[in-house]
Amino acid sequence: MRRLPVLGISLCLAAGGALAADYSGSPQALALIEEMVEEHQYDRETLQRVFDSAERKQPILDAIARPAERTKTWGEYRKIFLTPARTEAGLAFWQQHAEALSRAEREYGVPAQIIVAIIGVETFYGKHKGRFRVVDALSTLGFDYEPRQSFFRKQLKEFLLLSREQRFDPLELTGSYAGAMGFPQFIPSSFRAYAVDFDGDGQIDIWNNPVDAIGSVANYFRRHGWQQGAPVVTRARVSGSRYADGVSDKLKPAQTLEQLEALGWEPLQAPAADASVRGIRLQGERGSEFWVGMHNFYVITRYNHSTLYAMAAYQLSEELKDAQAKAL
C-alpha cells in the first residue's frame, strides 16, 4: 500500500482514468462529486478521475445477496469458524504479537483472546483480507444496491475522506465485497473513528501492520462500551411451558434475570442480579441451544450485527484462551 503526496494521488488517478469503467459520467457519481466538493472542499478533478476508474462488479452484488449470517443455522455457521486450523493459526498469531496484545489489553481493557478471535473470524489472521478494490465495492453497492444504497453511499464518502486524510491512493486499496478493509475488516467510517497508530510509526496501516490492527480492534471495543472483566454469555437450561417467551430477537439486552427465570430459564453461570440480559435460542448440530447474553455479548454484535457472528467470535476466543494457557 502506497502513501502518496497529494500531487502523487492526482497523477496516479490520472493514469487510472484512461481505463474503461462503468461510473464515468454516471449521474449518481456526478451527484456524489458535487456533494464532496460542496461539503468537504474535495478536489473535483481528483474525484472525477476516481469515478472514471471505478467499476461496477456483479460478483459483489451476488455476494451481498447471500451472507452466511442470514442463510445458515448456528450449527452450519459454527463449522466455518470453530476449526482446529483457525485455533492453531490464532495461537501462532497470539504468540507472534504477544507484546502488542498484552499492551492492548492493559490500555483498552479488552482481553487478548477477544482481539485475536475477531481478527481470526474476519480474515483468518490476515490471510483473507479481500480482493476487491474498495472504490469498486462501495461504488457498486452505493449506486446499484437499492436495499442498503444510502449506507454504502455514505461509506463511499467516508472512504474518500480517509484516503485524503491518510494520503492513500483510493484506487489501490483493497477489501471485501462490502468495502471492509485490512486485518480487522473496518468499514471506512470505523477506520476514521477507531483505527489507531498502535506502533507509533506515524501512520495507521490496518492492511499490512498487525500491530495497528490489534490496537484498532481493542479501541473499537472500548469505545463501544466493553466492560473489563465482565461476563459475555452463558449456556442456560429451560423448562416449563413459557420458556419460548424469553427468546429475544433484539440484539441489545433488555430483559432482567428475574424475568427470564420466571419464564423457566436457568443460566449455568448466573449474571449479576441487576444485569440486563437477553434470552437466545440457536439451532445447533444437536438441536436447540439456549444462551443468556449480557452486555459484552452485545458489544461484540456492534462489530457485526449478528448473533451468530458474536457467538462464533466468543467461542473462538474461549478456544484460543484455553490453547494459550496450555502453551504457557
# chains A, B, ... in the order shown; residues from 1 in each chain; ligands from 1
>>> residues_around(residues="range 134-140 of chain A", least_positions_apart="3", cutoff="10 Å", atoms="only C-alpha atoms", output="number ranges by chain")
A: 21-23, 28-29, 50-51, 53-61, 130-131, 143-145, 149, 151-157, 159-160, 170-181, 187-188
>>> closest_residue(among="A:Ala262, A:Leu30, A:Ile206, A:Ile114", to="Lys129 in chain A", atoms="only C-alpha atoms")
A:Ile206
>>> residues_around(residues="Glu258 in chain A", least_positions_apart="4", cutoff="12 Å", atoms="only C-alpha atoms", output="ChimeraX atom specification")
/A:246,254,262-267,270-279
>>> closest_residue(among="A:Asp199, A:Glu261, A:Glu88, A:Asp249", to="Ala104 in chain A", atoms="only C-alpha atoms")
A:Asp199
>>> residues_around(residues="Glu69 in chain A", least_positions_apart="4", cutoff="12 Å", atoms="only C-alpha atoms", output="compact mmCIF listing (two decimals) with N, CA and C atoms, in the first residue's frame")
# COMPACT_ATOMS: atom_id res chain seq x y z
N ILE A 64 -23.40 -10.11 -1.73
CA ILE A 64 -24.11 -9.46 -0.63
C ILE A 64 -25.54 -9.98 -0.50
N ALA A 65 -26.02 -10.64 -1.54
CA ALA A 65 -27.38 -11.18 -1.51
C ALA A 65 -27.47 -12.48 -0.72
N THR A 73 -27.80 -22.03 9.65
CA THR A 73 -28.11 -22.23 11.05
C THR A 73 -26.84 -22.05 11.87
N TRP A 74 -26.99 -21.97 13.19
CA TRP A 74 -25.82 -21.86 14.05
C TRP A 74 -24.92 -23.08 13.88
N GLY A 75 -25.50 -24.26 13.78
CA GLY A 75 -24.68 -25.45 13.60
C GLY A 75 -23.84 -25.39 12.34
N GLU A 76 -24.42 -24.87 11.26
CA GLU A 76 -23.68 -24.75 10.00
C GLU A 76 -22.66 -23.61 10.06
N TYR A 77 -23.06 -22.52 10.66
CA TYR A 77 -22.19 -21.34 10.75
C TYR A 77 -20.97 -21.63 11.62
N ARG A 78 -21.20 -22.32 12.72
CA ARG A 78 -20.12 -22.61 13.66
C ARG A 78 -18.98 -23.38 13.01
N ILE A 80 -17.75 -23.12 10.19
CA ILE A 80 -16.88 -22.28 9.37
C ILE A 80 -15.73 -21.72 10.21
N ASN A 304 -20.33 -6.70 14.21
CA ASN A 304 -21.13 -7.29 13.14
C ASN A 304 -22.49 -7.58 13.74
N HIS A 305 -23.53 -7.00 13.19
CA HIS A 305 -24.85 -7.05 13.82
C HIS A 305 -25.50 -8.42 13.63
N SER A 306 -24.90 -9.42 14.23
CA SER A 306 -25.36 -10.79 14.05
C SER A 306 -25.10 -11.60 15.32
N THR A 307 -26.13 -12.28 15.79
CA THR A 307 -25.96 -13.17 16.94
C THR A 307 -25.01 -14.31 16.61
N LEU A 308 -25.12 -14.87 15.41
CA LEU A 308 -24.24 -15.97 15.02
C LEU A 308 -22.78 -15.52 15.01
N TYR A 309 -22.53 -14.33 14.48
CA TYR A 309 -21.17 -13.80 14.45
C TYR A 309 -20.62 -13.66 15.87
N ALA A 310 -21.40 -13.04 16.74
CA ALA A 310 -20.93 -12.80 18.10
C ALA A 310 -20.65 -14.12 18.82
N MET A 311 -21.50 -15.11 18.60
CA MET A 311 -21.29 -16.40 19.26
C MET A 311 -20.04 -17.09 18.72
N ALA A 312 -19.81 -17.02 17.42
CA ALA A 312 -18.62 -17.62 16.84
C ALA A 312 -17.37 -16.94 17.37
>>> select_by_dssp(residues="range 61-218 of chain A", states="strand (DSSP E)", output="list in words")
Phe132, Arg133, Thr174 and Gly175 of chain A
>>> residues_around(residues="range 297-302 of chain A", least_positions_apart="6", cutoff="7 Å", atoms="only C-alpha atoms", output="list in words")
Phe221, His224, Gly225, Trp226, Val232, Val233, Leu251, Lys252 and Ala310 of chain A
>>> residues_around(residues="Val211 in chain A", least_positions_apart="2", cutoff="9 Å", atoms="only C-alpha atoms", output="JSON, numbers by chain")
{"A": [97, 100, 101, 197, 198, 199, 205, 206, 209, 213, 214, 215, 216]}
>>> write_last_selection(atoms="C-alpha atoms", output="PDB file, in the first residue's frame")
ATOM      1  CA  HIS A  97       2.239 -10.495  18.658  1.00  0.00           C
ATOM      2  CA  ALA A 100       1.149  -5.801  21.334  1.00  0.00           C
ATOM      3  CA  LEU A 101      -1.783  -7.876  22.588  1.00  0.00           C
ATOM      4  CA  ASP A 197      -1.394   4.071  15.093  1.00  0.00           C
ATOM      5  CA  PHE A 198      -0.618   1.487  17.769  1.00  0.00           C
ATOM      6  CA  ASP A 199       3.053   1.020  16.929  1.00  0.00           C
ATOM      7  CA  ASP A 205      -1.954   0.793   8.429  1.00  0.00           C
ATOM      8  CA  ILE A 206      -4.530  -1.927   9.093  1.00  0.00           C
ATOM      9  CA  ASN A 209       0.550  -3.853  10.075  1.00  0.00           C
ATOM     10  CA  ALA A 213      -4.887  -3.759  13.655  1.00  0.00           C
ATOM     11  CA  ILE A 214      -4.648  -5.092  17.210  1.00  0.00           C
ATOM     12  CA  GLY A 215      -4.808  -1.628  18.737  1.00  0.00           C
ATOM     13  CA  SER A 216      -7.637  -0.615  16.433  1.00  0.00           C
TER      14      SER A 216
END
>>> residues_around(residues="Tyr108 in chain A", least_positions_apart="6", cutoff="7 Å", atoms="only C-alpha atoms", output="CSV table (one decimal) with N, CA and C atoms, in the first residue's frame")
chain,number,residue,atom,x,y,z
A,218,ALA,N,-9.0,-3.3,19.6
A,218,ALA,CA,-9.2,-3.0,21.1
A,218,ALA,C,-9.9,-1.7,21.3
A,219,ASN,N,-9.5,-0.6,20.5
A,219,ASN,CA,-10.1,0.7,20.7
A,219,ASN,C,-11.5,0.6,20.3
A,222,ARG,N,-13.5,-0.9,23.2
A,222,ARG,CA,-13.5,0.0,24.3
A,222,ARG,C,-14.5,1.1,24.1
>>> closest_residue(among="A:Ser189, A:Leu161, A:Thr256, A:Ile115", to="Asp212 in chain A", atoms="only C-alpha atoms")
A:Ile115
>>> closest_residue(among="A:Ala230, A:Ala98, A:Val110, A:Ala92", to="His295 in chain A", atoms="only C-alpha atoms")
A:Ala230
>>> select_by_dssp(residues="range 138-179 of chain A", states="helix (DSSP H, G or I)", output="short mmCIF file (atom, residue, chain, number, x, y, z; two decimals) with N, CA and C atoms, in the first residue's frame")
data_model
loop_
_atom_site.label_atom_id
_atom_site.label_comp_id
_atom_site.auth_asym_id
_atom_site.auth_seq_id
_atom_site.Cartn_x
_atom_site.Cartn_y
_atom_site.Cartn_z
N LEU A 138 -17.62 -0.13 -2.96
CA LEU A 138 -18.53 0.87 -2.40
C LEU A 138 -19.29 1.62 -3.48
N SER A 139 -18.71 1.78 -4.65
CA SER A 139 -19.45 2.40 -5.76
C SER A 139 -20.57 1.46 -6.23
N THR A 140 -20.25 0.19 -6.38
CA THR A 140 -21.26 -0.79 -6.81
C THR A 140 -22.42 -0.83 -5.83
N LEU A 141 -22.12 -0.89 -4.54
CA LEU A 141 -23.19 -1.00 -3.54
C LEU A 141 -23.86 0.34 -3.28
N GLY A 142 -23.10 1.41 -3.36
CA GLY A 142 -23.67 2.73 -3.11
C GLY A 142 -24.54 3.25 -4.24
N PHE A 143 -24.28 2.75 -5.44
CA PHE A 143 -25.04 3.22 -6.60
C PHE A 143 -26.04 2.18 -7.13
N ASP A 144 -25.77 0.90 -6.88
CA ASP A 144 -26.56 -0.14 -7.55
C ASP A 144 -27.11 -1.21 -6.63
N GLU A 146 -29.92 -1.30 -4.12
CA GLU A 146 -31.01 -0.49 -3.57
C GLU A 146 -31.33 -0.77 -2.11
N PRO A 147 -31.31 -2.04 -1.63
CA PRO A 147 -31.70 -2.28 -0.23
C PRO A 147 -30.89 -1.50 0.80
N ARG A 148 -29.59 -1.26 0.53
CA ARG A 148 -28.75 -0.54 1.51
C ARG A 148 -27.92 0.54 0.81
N GLN A 149 -28.52 1.11 -0.19
CA GLN A 149 -27.81 2.08 -1.02
C GLN A 149 -27.32 3.28 -0.21
N SER A 150 -28.15 3.81 0.67
CA SER A 150 -27.76 5.01 1.42
C SER A 150 -26.60 4.72 2.35
N PHE A 151 -26.58 3.53 2.98
CA PHE A 151 -25.49 3.17 3.87
C PHE A 151 -24.17 3.11 3.12
N PHE A 152 -24.15 2.41 1.99
CA PHE A 152 -22.89 2.25 1.27
C PHE A 152 -22.47 3.53 0.55
N ARG A 153 -23.42 4.35 0.18
CA ARG A 153 -23.07 5.64 -0.40
C ARG A 153 -22.35 6.50 0.65
N LYS A 154 -22.84 6.44 1.90
CA LYS A 154 -22.18 7.16 2.98
C LYS A 154 -20.77 6.61 3.20
N GLN A 155 -20.62 5.27 3.14
CA GLN A 155 -19.31 4.68 3.32
C GLN A 155 -18.35 5.06 2.19
N LEU A 156 -18.89 5.23 1.00
CA LEU A 156 -18.05 5.68 -0.11
C LEU A 156 -17.50 7.07 0.16
N LYS A 157 -18.34 7.96 0.68
CA LYS A 157 -17.88 9.29 1.03
C LYS A 157 -16.85 9.24 2.15
N GLU A 158 -17.09 8.38 3.14
CA GLU A 158 -16.12 8.21 4.23
C GLU A 158 -14.79 7.69 3.69
N PHE A 159 -14.86 6.79 2.73
CA PHE A 159 -13.64 6.23 2.15
C PHE A 159 -12.83 7.30 1.43
N LEU A 160 -13.49 8.15 0.69
CA LEU A 160 -12.78 9.22 0.00
C LEU A 160 -12.14 10.18 0.99
N LEU A 161 -12.82 10.44 2.09
CA LEU A 161 -12.25 11.32 3.10
C LEU A 161 -11.04 10.70 3.78
N LEU A 162 -11.13 9.42 4.13
CA LEU A 162 -9.98 8.80 4.79
C LEU A 162 -8.80 8.69 3.83
N SER A 163 -9.07 8.48 2.54
CA SER A 163 -7.97 8.44 1.57
C SER A 163 -7.24 9.77 1.52
N ARG A 164 -8.01 10.85 1.56
CA ARG A 164 -7.38 12.17 1.56
C ARG A 164 -6.64 12.43 2.87
N GLU A 165 -7.27 12.09 3.99
CA GLU A 165 -6.65 12.33 5.30
C GLU A 165 -5.36 11.55 5.48
N GLN A 166 -5.37 10.29 5.06
CA GLN A 166 -4.21 9.42 5.26
C GLN A 166 -3.24 9.44 4.08
#
>>> atom_distance(atom1="CA of Ser317 in chain A", atom2="CA of Gln113 in chain A")
4.9 Å
>>> closest_residue(among="A:Trp94, A:Val292, A:Lys72, A:Gln203", to="Pro111 in chain A", atoms="only C-alpha atoms")
A:Trp94
>>> decode(residues="range 220-260 of chain A", atoms="C-alpha atoms", output="mmCIF file, in the first residue's frame")
data_model
loop_
_atom_site.group_PDB
_atom_site.id
_atom_site.type_symbol
_atom_site.label_atom_id
_atom_site.label_comp_id
_atom_site.auth_asym_id
_atom_site.auth_seq_id
_atom_site.Cartn_x
_atom_site.Cartn_y
_atom_site.Cartn_z
ATOM 1 C CA TYR A 220 -13.255 -0.234 18.791
ATOM 2 C CA PHE A 221 -14.405 -2.481 21.625
ATOM 3 C CA ARG A 222 -13.549 0.011 24.347
ATOM 4 C CA ARG A 223 -15.342 2.820 22.528
ATOM 5 C CA HIS A 224 -18.413 0.594 22.228
ATOM 6 C CA GLY A 225 -18.538 0.021 25.962
ATOM 7 C CA TRP A 226 -16.663 -3.221 26.619
ATOM 8 C CA GLN A 227 -16.769 -3.904 30.367
ATOM 9 C CA GLN A 228 -13.429 -5.210 31.567
ATOM 10 C CA GLY A 229 -13.732 -8.469 33.476
ATOM 11 C CA ALA A 230 -17.494 -8.777 32.932
ATOM 12 C CA PRO A 231 -19.049 -11.985 31.555
ATOM 13 C CA VAL A 232 -20.136 -12.276 27.941
ATOM 14 C CA VAL A 233 -22.648 -15.113 27.506
ATOM 15 C CA THR A 234 -23.581 -18.343 29.283
ATOM 16 C CA ARG A 235 -25.464 -21.520 28.444
ATOM 17 C CA ALA A 236 -28.885 -21.939 30.014
ATOM 18 C CA ARG A 237 -31.333 -24.719 30.795
ATOM 19 C CA VAL A 238 -35.016 -24.133 30.102
ATOM 20 C CA SER A 239 -38.126 -25.779 31.456
ATOM 21 C CA GLY A 240 -41.864 -25.343 31.643
ATOM 22 C CA SER A 241 -44.302 -24.128 29.040
ATOM 23 C CA ARG A 242 -43.306 -20.462 28.816
ATOM 24 C CA TYR A 243 -39.568 -20.530 28.110
ATOM 25 C CA ALA A 244 -40.077 -19.603 24.439
ATOM 26 C CA ASP A 245 -41.422 -16.236 25.605
ATOM 27 C CA GLY A 246 -37.943 -15.451 26.896
ATOM 28 C CA VAL A 247 -36.287 -15.604 23.488
ATOM 29 C CA SER A 248 -35.405 -12.146 22.176
ATOM 30 C CA ASP A 249 -34.523 -11.331 18.562
ATOM 31 C CA LYS A 250 -33.274 -7.894 19.580
ATOM 32 C CA LEU A 251 -29.506 -7.671 19.897
ATOM 33 C CA LYS A 252 -29.487 -5.280 22.839
ATOM 34 C CA PRO A 253 -30.220 -6.960 26.191
ATOM 35 C CA ALA A 254 -33.407 -5.543 27.662
ATOM 36 C CA GLN A 255 -34.620 -8.292 29.998
ATOM 37 C CA THR A 256 -33.842 -8.890 33.650
ATOM 38 C CA LEU A 257 -32.564 -12.141 35.082
ATOM 39 C CA GLU A 258 -35.694 -12.298 37.223
ATOM 40 C CA GLN A 259 -37.901 -12.078 34.132
ATOM 41 C CA LEU A 260 -36.051 -14.895 32.387
#
